>>> print(open('data.pdb').read())   # PDB, C-alpha atoms
ATOM      1  CA  MET Q   1      31.842-104.729-232.026
ATOM      2  CA  PRO Q   2      32.791-108.388-231.375
ATOM      3  CA  ALA Q   3      34.324-109.203-228.015
ATOM      4  CA  LEU Q   4      38.100-109.399-227.968
ATOM      5  CA  SER Q   5      39.642-112.709-227.008
ATOM      6  CA  LEU Q   6      43.075-112.246-225.490
ATOM      7  CA  ALA Q   7      45.447-115.036-224.553
ATOM      8  CA  PRO Q   8      46.684-114.940-220.932
ATOM      9  CA  ARG Q   9      50.158-114.191-222.235
ATOM     10  CA  ALA Q  10      51.255-113.394-225.765
ATOM     11  CA  LEU Q  11      53.689-115.859-227.333
ATOM     12  CA  TYR Q  12      56.351-113.202-227.838
ATOM     13  CA  GLU Q  13      56.296-112.437-224.087
ATOM     14  CA  GLU Q  14      56.909-116.104-223.292
ATOM     15  CA  VAL Q  15      59.760-116.175-225.794
ATOM     16  CA  ALA Q  16      61.208-112.964-224.310
ATOM     17  CA  GLU Q  17      61.183-114.477-220.816
ATOM     18  CA  LEU Q  18      62.823-117.673-222.074
ATOM     19  CA  LEU Q  19      65.607-115.716-223.799
ATOM     20  CA  ARG Q  20      65.957-113.417-220.786
ATOM     21  CA  GLN Q  21      66.608-116.379-218.505
ATOM     22  CA  ARG Q  22      69.057-117.911-221.003
ATOM     23  CA  ILE Q  23      70.961-114.627-221.056
ATOM     24  CA  PHE Q  24      71.073-114.397-217.257
ATOM     25  CA  ALA Q  25      72.242-118.043-217.089
ATOM     26  CA  ARG Q  26      75.040-117.202-219.596
ATOM     27  CA  GLU Q  27      73.653-119.769-222.044
ATOM     28  CA  LEU Q  28      73.638-116.827-224.431
ATOM     29  CA  GLU Q  29      76.963-115.114-223.773
ATOM     30  CA  ALA Q  30      77.477-111.361-223.721
ATOM     31  CA  GLY Q  31      78.494-110.183-227.181
ATOM     32  CA  SER Q  32      77.235-113.315-228.916
ATOM     33  CA  TRP Q  33      75.108-113.198-232.058
ATOM     34  CA  ILE Q  34      71.562-114.456-231.635
ATOM     35  CA  ASP Q  35      70.823-116.979-234.375
ATOM     36  CA  GLU Q  36      67.155-116.222-234.994
ATOM     37  CA  LEU Q  37      66.581-119.068-237.439
ATOM     38  CA  ARG Q  38      68.113-121.697-235.172
ATOM     39  CA  ILE Q  39      66.245-120.475-232.088
ATOM     40  CA  ALA Q  40      62.921-120.262-233.949
ATOM     41  CA  GLN Q  41      63.360-123.816-235.229
ATOM     42  CA  ALA Q  42      64.347-125.095-231.773
ATOM     43  CA  LEU Q  43      61.250-123.499-230.216
ATOM     44  CA  GLY Q  44      58.980-124.553-233.066
ATOM     45  CA  ILE Q  45      57.801-121.002-233.752
ATOM     46  CA  SER Q  46      57.941-118.547-236.628
ATOM     47  CA  ARG Q  47      60.462-115.729-236.580
ATOM     48  CA  THR Q  48      57.729-113.102-236.050
ATOM     49  CA  PRO Q  49      57.166-113.701-232.293
ATOM     50  CA  LEU Q  50      60.919-114.159-231.882
ATOM     51  CA  ARG Q  51      61.612-110.768-233.434
ATOM     52  CA  GLU Q  52      58.934-109.175-231.241
ATOM     53  CA  ALA Q  53      60.600-110.776-228.219
ATOM     54  CA  LEU Q  54      63.982-109.391-229.282
ATOM     55  CA  LYS Q  55      62.456-105.914-229.499
ATOM     56  CA  VAL Q  56      61.301-106.262-225.874
ATOM     57  CA  LEU Q  57      64.777-107.349-224.773
ATOM     58  CA  ALA Q  58      66.361-104.519-226.759
ATOM     59  CA  ALA Q  59      64.130-102.017-224.940
ATOM     60  CA  GLU Q  60      65.351-103.517-221.641
ATOM     61  CA  GLY Q  61      68.978-103.173-222.707
ATOM     62  CA  LEU Q  62      69.645-106.916-222.748
ATOM     63  CA  VAL Q  63      69.915-107.145-226.530
ATOM     64  CA  THR Q  64      71.562-104.802-229.010
ATOM     65  CA  MET Q  65      70.177-104.591-232.548
ATOM     66  CA  LYS Q  66      72.810-103.920-235.211
ATOM     67  CA  VAL Q  67      71.854-102.736-238.698
ATOM     68  CA  ARG Q  68      72.142-105.528-241.288
ATOM     69  CA  ARG Q  69      73.852-107.738-238.699
ATOM     70  CA  GLY Q  70      70.988-108.803-236.452
ATOM     71  CA  ALA Q  71      70.645-109.080-232.690
ATOM     72  CA  TYR Q  72      73.457-109.529-230.170
ATOM     73  CA  VAL Q  73      73.480-110.057-226.416
ATOM     74  CA  THR Q  74      74.525-106.720-224.953
ATOM     75  CA  GLU Q  75      78.048-106.373-223.609
ATOM     76  CA  VAL Q  76      78.273-104.204-220.502
ATOM     77  CA  SER Q  77      81.203-101.805-220.567
ATOM     78  CA  GLU Q  78      82.808-100.349-217.460
ATOM     79  CA  LYS Q  79      81.068 -97.055-218.196
ATOM     80  CA  ASP Q  80      77.723 -98.843-218.550
ATOM     81  CA  LEU Q  81      78.295-100.465-215.177
ATOM     82  CA  ARG Q  82      79.234 -97.169-213.508
ATOM     83  CA  ASP Q  83      76.189 -95.465-215.011
ATOM     84  CA  VAL Q  84      73.820 -98.239-213.922
ATOM     85  CA  TYR Q  85      75.129 -98.341-210.349
ATOM     86  CA  HIS Q  86      75.034 -94.536-210.166
ATOM     87  CA  LEU Q  87      71.358 -94.478-211.114
ATOM     88  CA  MET Q  88      70.543 -97.390-208.820
ATOM     89  CA  ALA Q  89      72.215 -95.569-205.923
ATOM     90  CA  LEU Q  90      70.151 -92.436-206.601
ATOM     91  CA  LEU Q  91      66.840 -94.254-207.011
ATOM     92  CA  GLU Q  92      67.174 -96.697-204.132
ATOM     93  CA  SER Q  93      68.682 -94.241-201.671
ATOM     94  CA  ASP Q  94      65.699 -91.978-202.269
ATOM     95  CA  ALA Q  95      63.399 -94.964-201.695
ATOM     96  CA  ALA Q  96      65.199 -95.754-198.427
ATOM     97  CA  ARG Q  97      64.719 -92.142-197.332
ATOM     98  CA  ILE Q  98      60.968 -92.469-197.915
ATOM     99  CA  VAL Q  99      60.743 -95.856-196.190
ATOM    100  CA  ALA Q 100      62.478 -94.513-193.081
ATOM    101  CA  SER Q 101      59.830 -91.785-192.891
ATOM    102  CA  THR Q 102      56.664 -93.651-193.869
ATOM    103  CA  ALA Q 103      56.927 -97.413-193.180
ATOM    104  CA  ASN Q 104      54.302 -98.741-190.802
ATOM    105  CA  GLU Q 105      54.901-101.362-188.106
ATOM    106  CA  ALA Q 106      53.858-104.294-190.310
ATOM    107  CA  GLN Q 107      56.238-103.148-193.039
ATOM    108  CA  ILE Q 108      59.070-102.689-190.536
ATOM    109  CA  ALA Q 109      58.418-106.229-189.284
ATOM    110  CA  GLN Q 110      58.698-107.562-192.840
ATOM    111  CA  ILE Q 111      61.961-105.670-193.399
ATOM    112  CA  LYS Q 112      63.374-107.259-190.245
ATOM    113  CA  ALA Q 113      62.185-110.685-191.393
ATOM    114  CA  LEU Q 114      63.882-110.293-194.773
ATOM    115  CA  GLN Q 115      67.083-109.193-193.052
ATOM    116  CA  LYS Q 116      66.955-112.305-190.847
ATOM    117  CA  GLU Q 117      66.483-114.502-193.929
ATOM    118  CA  LEU Q 118      69.441-112.781-195.541
ATOM    119  CA  GLU Q 119      71.638-113.521-192.532
ATOM    120  CA  GLU Q 120      70.622-117.189-192.631
ATOM    121  CA  ALA Q 121      71.377-117.420-196.367
ATOM    122  CA  VAL Q 122      74.883-115.934-196.298
ATOM    123  CA  THR Q 123      76.474-119.347-196.948
ATOM    124  CA  HIS Q 124      74.056-120.156-199.785
ATOM    125  CA  ARG Q 125      74.891-117.813-202.651
ATOM    126  CA  ASP Q 126      71.864-118.374-204.904
ATOM    127  CA  ARG Q 127      69.423-117.993-202.017
ATOM    128  CA  PHE Q 128      71.290-114.904-200.837
ATOM    129  CA  PHE Q 129      70.920-113.413-204.347
ATOM    130  CA  ALA Q 130      67.165-114.040-204.327
ATOM    131  CA  ILE Q 131      66.536-112.653-200.831
ATOM    132  CA  ASN Q 132      68.798-109.680-201.485
ATOM    133  CA  GLU Q 133      66.712-108.751-204.517
ATOM    134  CA  ALA Q 134      63.476-109.345-202.589
ATOM    135  CA  PHE Q 135      64.720-107.008-199.836
ATOM    136  CA  HIS Q 136      65.460-104.189-202.274
ATOM    137  CA  MET Q 137      62.217-104.674-204.184
ATOM    138  CA  TYR Q 138      60.227-104.617-200.934
ATOM    139  CA  LEU Q 139      61.689-101.240-199.982
ATOM    140  CA  LEU Q 140      60.706 -99.960-203.422
ATOM    141  CA  GLN Q 141      57.205-101.351-202.905
ATOM    142  CA  ILE Q 142      56.867 -99.411-199.659
ATOM    143  CA  ALA Q 143      58.202 -96.234-201.292
ATOM    144  CA  ASP Q 144      55.373 -96.676-203.828
ATOM    145  CA  ASN Q 145      56.504 -95.048-207.064
ATOM    146  CA  ARG Q 146      55.698 -97.238-210.054
ATOM    147  CA  TRP Q 147      57.907 -95.206-212.399
ATOM    148  CA  ARG Q 148      60.906 -95.721-210.157
ATOM    149  CA  ASP Q 149      60.005 -99.415-209.832
ATOM    150  CA  GLN Q 150      60.079 -99.843-213.603
ATOM    151  CA  MET Q 151      63.380 -98.023-213.940
ATOM    152  CA  VAL Q 152      64.987-100.113-211.220
ATOM    153  CA  ALA Q 153      63.644-103.354-212.711
ATOM    154  CA  ASP Q 154      65.238-102.509-216.062
ATOM    155  CA  LEU Q 155      68.523-101.433-214.454
ATOM    156  CA  ARG Q 156      68.686-104.650-212.449
ATOM    157  CA  LYS Q 157      68.382-106.650-215.654
ATOM    158  CA  VAL Q 158      71.416-104.846-217.066
ATOM    159  CA  MET Q 159      73.309-105.445-213.810
ATOM    160  CA  LYS Q 160      72.752-109.177-214.273
ATOM    161  CA  LEU Q 161      74.593-109.025-217.608
ATOM    162  CA  ASN Q 162      77.831-108.234-215.828
ATOM    163  CA  ARG Q 163      80.164-111.220-215.897
ATOM    164  CA  HIS Q 164      81.686-110.163-212.594
ATOM    165  CA  HIS Q 165      78.524-109.838-210.480
ATOM    166  CA  SER Q 166      79.358-107.841-207.377
ATOM    167  CA  LEU Q 167      78.137-110.563-205.015
ATOM    168  CA  LEU Q 168      80.447-113.139-206.621
ATOM    169  CA  LYS Q 169      83.596-111.447-205.313
ATOM    170  CA  GLU Q 170      85.118-113.252-202.356
ATOM    171  CA  GLY Q 171      83.960-111.694-199.099
ATOM    172  CA  ARG Q 172      81.351-109.498-200.796
ATOM    173  CA  LEU Q 173      78.363-111.433-199.435
ATOM    174  CA  GLU Q 174      79.515-110.849-195.874
ATOM    175  CA  GLN Q 175      80.261-107.189-196.608
ATOM    176  CA  SER Q 176      76.880-106.765-198.273
ATOM    177  CA  LEU Q 177      75.171-108.333-195.271
ATOM    178  CA  ALA Q 178      76.927-105.889-192.926
ATOM    179  CA  GLU Q 179      75.790-102.987-195.138
ATOM    180  CA  HIS Q 180      72.227-104.300-195.065
ATOM    181  CA  LYS Q 181      72.331-104.335-191.272
ATOM    182  CA  GLU Q 182      73.322-100.663-191.269
ATOM    183  CA  ILE Q 183      70.528 -99.807-193.721
ATOM    184  CA  VAL Q 184      67.963-101.671-191.612
ATOM    185  CA  GLN Q 185      69.180 -99.998-188.423
ATOM    186  CA  ALA Q 186      68.764 -96.580-190.034
ATOM    187  CA  LEU Q 187      65.255 -97.549-191.155
ATOM    188  CA  LEU Q 188      64.301 -98.858-187.706
ATOM    189  CA  SER Q 189      65.593 -95.720-186.019
ATOM    190  CA  ARG Q 190      63.616 -93.589-188.485
ATOM    191  CA  GLN Q 191      66.615 -91.666-189.804
ATOM    192  CA  PRO Q 192      65.790 -90.854-193.455
ATOM    193  CA  GLU Q 193      69.062 -89.169-194.412
ATOM    194  CA  LEU Q 194      71.183 -91.843-192.769
ATOM    195  CA  ALA Q 195      69.157 -94.566-194.510
ATOM    196  CA  ALA Q 196      69.712 -92.829-197.854
ATOM    197  CA  GLN Q 197      73.429 -92.456-197.170
ATOM    198  CA  LYS Q 198      73.823 -96.114-196.169
ATOM    199  CA  MET Q 199      71.946 -97.276-199.276
ATOM    200  CA  SER Q 200      74.087 -95.109-201.545
ATOM    201  CA  THR Q 201      77.257 -96.484-199.937
ATOM    202  CA  HIS Q 202      75.907-100.009-200.412
ATOM    203  CA  PHE Q 203      75.670 -99.489-204.167
ATOM    204  CA  MET Q 204      79.006 -97.746-204.472
ATOM    205  CA  ASN Q 205      80.679-100.655-202.693
ATOM    206  CA  GLY Q 206      78.790-103.014-204.966
ATOM    207  CA  LEU Q 207      80.199-101.194-207.987
ATOM    208  CA  GLN Q 208      83.752-101.573-206.718
ATOM    209  CA  ALA Q 209      83.183-105.301-206.250
ATOM    210  CA  ALA Q 210      81.652-105.645-209.708
ATOM    211  CA  GLN Q 211      84.536-104.042-211.579
TER     212      GLN Q 211
END
>>> encode(input="data.pdb", output="structure tokens")
Amino acid sequence: MPALSLAPRALYEEVAELLRQRIFARELEAGSWIDELRIAQALGISRTPLREALKVLAAEGLVTMKVRRGAYVTEVSEKDLRDVYHLMALLESDAARIVASTANEAQIAQIKALQKELEEAVTHRDRFFAINEAFHMYLLQIADNRWRDQMVADLRKVMKLNRHHSLLKEGRLEQSLAEHKEIVQALLSRQPELAAQKMSTHFMNGLQAAQ
């Protein structure tokens, strides 16, 4: 059998990432029709890799395929938002419970470092967004459940579709930072149930700010 030659990254994956970032940047608005022909021509590609990319985004919930009408950027309803935050609260509070019980000293030190970075970034929204996500993803890494990681990654993508991102609400960054401090304190004091409770509250408050 001849050796397989695989490209480092398939073209459709590159196209999916490009479209994903355009959706998050609101260059492709929620509810808008995706003009496959125009995008394919602009990228200088055939429609085949574009359609494969759209299938990937549809599986992530970022794109909705409509019969005989094509692909549309997904619109997030209030129910969608409640459902996503509910699942995120369940998944990440369980992760926090595990981290409080199992994190080693090096991991605790990294959690504290991320919290410090978050405090320093509170007046810089974009940096705060990035560190906030890094903080949550690091806790998931410590909790070490790849199935949960994948679920959370997909849910976070849907969260980013929301026009009224929870951290955009006036005063929410400061409130979020205070909630993070409480989560970290529960982790440092090795209180699993308190850590889970604080994480759940963090997401429920985030939902209120996002609505």
>>> resolve_selection(input="data.pdb", expression="the PyMOL selection byres ((chain Q and resi 134) around 12)", output="ChimeraX atom specification")
/Q:110-111,113-115,117-118,127-133,135-141,153
>>> closest_residue(input="data.pdb", among="Q:Ala210, Q:Ala103, Q:Leu43, Q:Leu187", to="Glu170 in chain Q", atoms="only C-alpha atoms")
Q:Ala210
>>> resolve_selection(input="data.pdb", expression="the PyMOL selection byres ((chain Q and resi 29-41) around 9)", output="CSV table (one decimal) with C-alpha atoms, keeping the file's coordinate frame")
chain,number,residue,atom,x,y,z
Q,22,ARG,CA,69.1,-117.9,-221.0
Q,23,ILE,CA,71.0,-114.6,-221.1
Q,24,PHE,CA,71.1,-114.4,-217.3
Q,25,ALA,CA,72.2,-118.0,-217.1
Q,26,ARG,CA,75.0,-117.2,-219.6
Q,27,GLU,CA,73.7,-119.8,-222.0
Q,28,LEU,CA,73.6,-116.8,-224.4
Q,42,ALA,CA,64.3,-125.1,-231.8
Q,43,LEU,CA,61.2,-123.5,-230.2
Q,44,GLY,CA,59.0,-124.6,-233.1
Q,45,ILE,CA,57.8,-121.0,-233.8
Q,46,SER,CA,57.9,-118.5,-236.6
Q,47,ARG,CA,60.5,-115.7,-236.6
Q,49,PRO,CA,57.2,-113.7,-232.3
Q,50,LEU,CA,60.9,-114.2,-231.9
Q,51,ARG,CA,61.6,-110.8,-233.4
Q,64,THR,CA,71.6,-104.8,-229.0
Q,69,ARG,CA,73.9,-107.7,-238.7
Q,70,GLY,CA,71.0,-108.8,-236.5
Q,71,ALA,CA,70.6,-109.1,-232.7
Q,72,TYR,CA,73.5,-109.5,-230.2
Q,73,VAL,CA,73.5,-110.1,-226.4
Q,74,THR,CA,74.5,-106.7,-225.0
Q,75,GLU,CA,78.0,-106.4,-223.6
Q,76,VAL,CA,78.3,-104.2,-220.5
Q,161,LEU,CA,74.6,-109.0,-217.6
Q,162,ASN,CA,77.8,-108.2,-215.8
Q,163,ARG,CA,80.2,-111.2,-215.9
>>> residues_near_point(input="data.pdb", point="(66.1, -95.7, -206.9)", cutoff="12 Å", atoms="all atoms listed in the file", output="PyMOL selection string")
chain Q and resi 84-99+136-137+139-141+143-156+196+199-200+203
>>> atom_distance(input="data.pdb", atom1="CA of Pro192 in chain Q", atom2="CA of Gln211 in chain Q")
29.2 Å
>>> atom_distance(input="data.pdb", atom1="CA of Glu13 in chain Q", atom2="CA of Ala53 in chain Q")
6.2 Å
>>> atom_distance(input="data.pdb", atom1="CA of Glu52 in chain Q", atom2="CA of Met65 in chain Q")
12.2 Å
>>> resolve_selection(input="data.pdb", expression="the PyMOL selection byres ((chain Q and resi 180) around 9)", output="ChimeraX atom specification")
/Q:115,118,175-179,181-185,198-199,202
>>> closest_residue(input="data.pdb", among="Q:Thr123, Q:Gln208, Q:Ser189, Q:Gln197", to="Leu173 in chain Q", atoms="only C-alpha atoms")
Q:Thr123
>>> axis_aligned_box(input="data.pdb", around="range 180-190 of chain Q", padding_each_side="6 Å", output="AutoDock Vina command-line options")
--center_x 68.5 --center_y -99.0 --center_z -190.5 --size_x 21.7 --size_y 22.7 --size_z 21.0
>>> residues_around(input="data.pdb", residues="Glu60 in chain Q", least_positions_apart="3", cutoff="8 Å", atoms="only C-alpha atoms", output="PyMOL selection string")
chain Q and resi 56-57+63+154+157-158
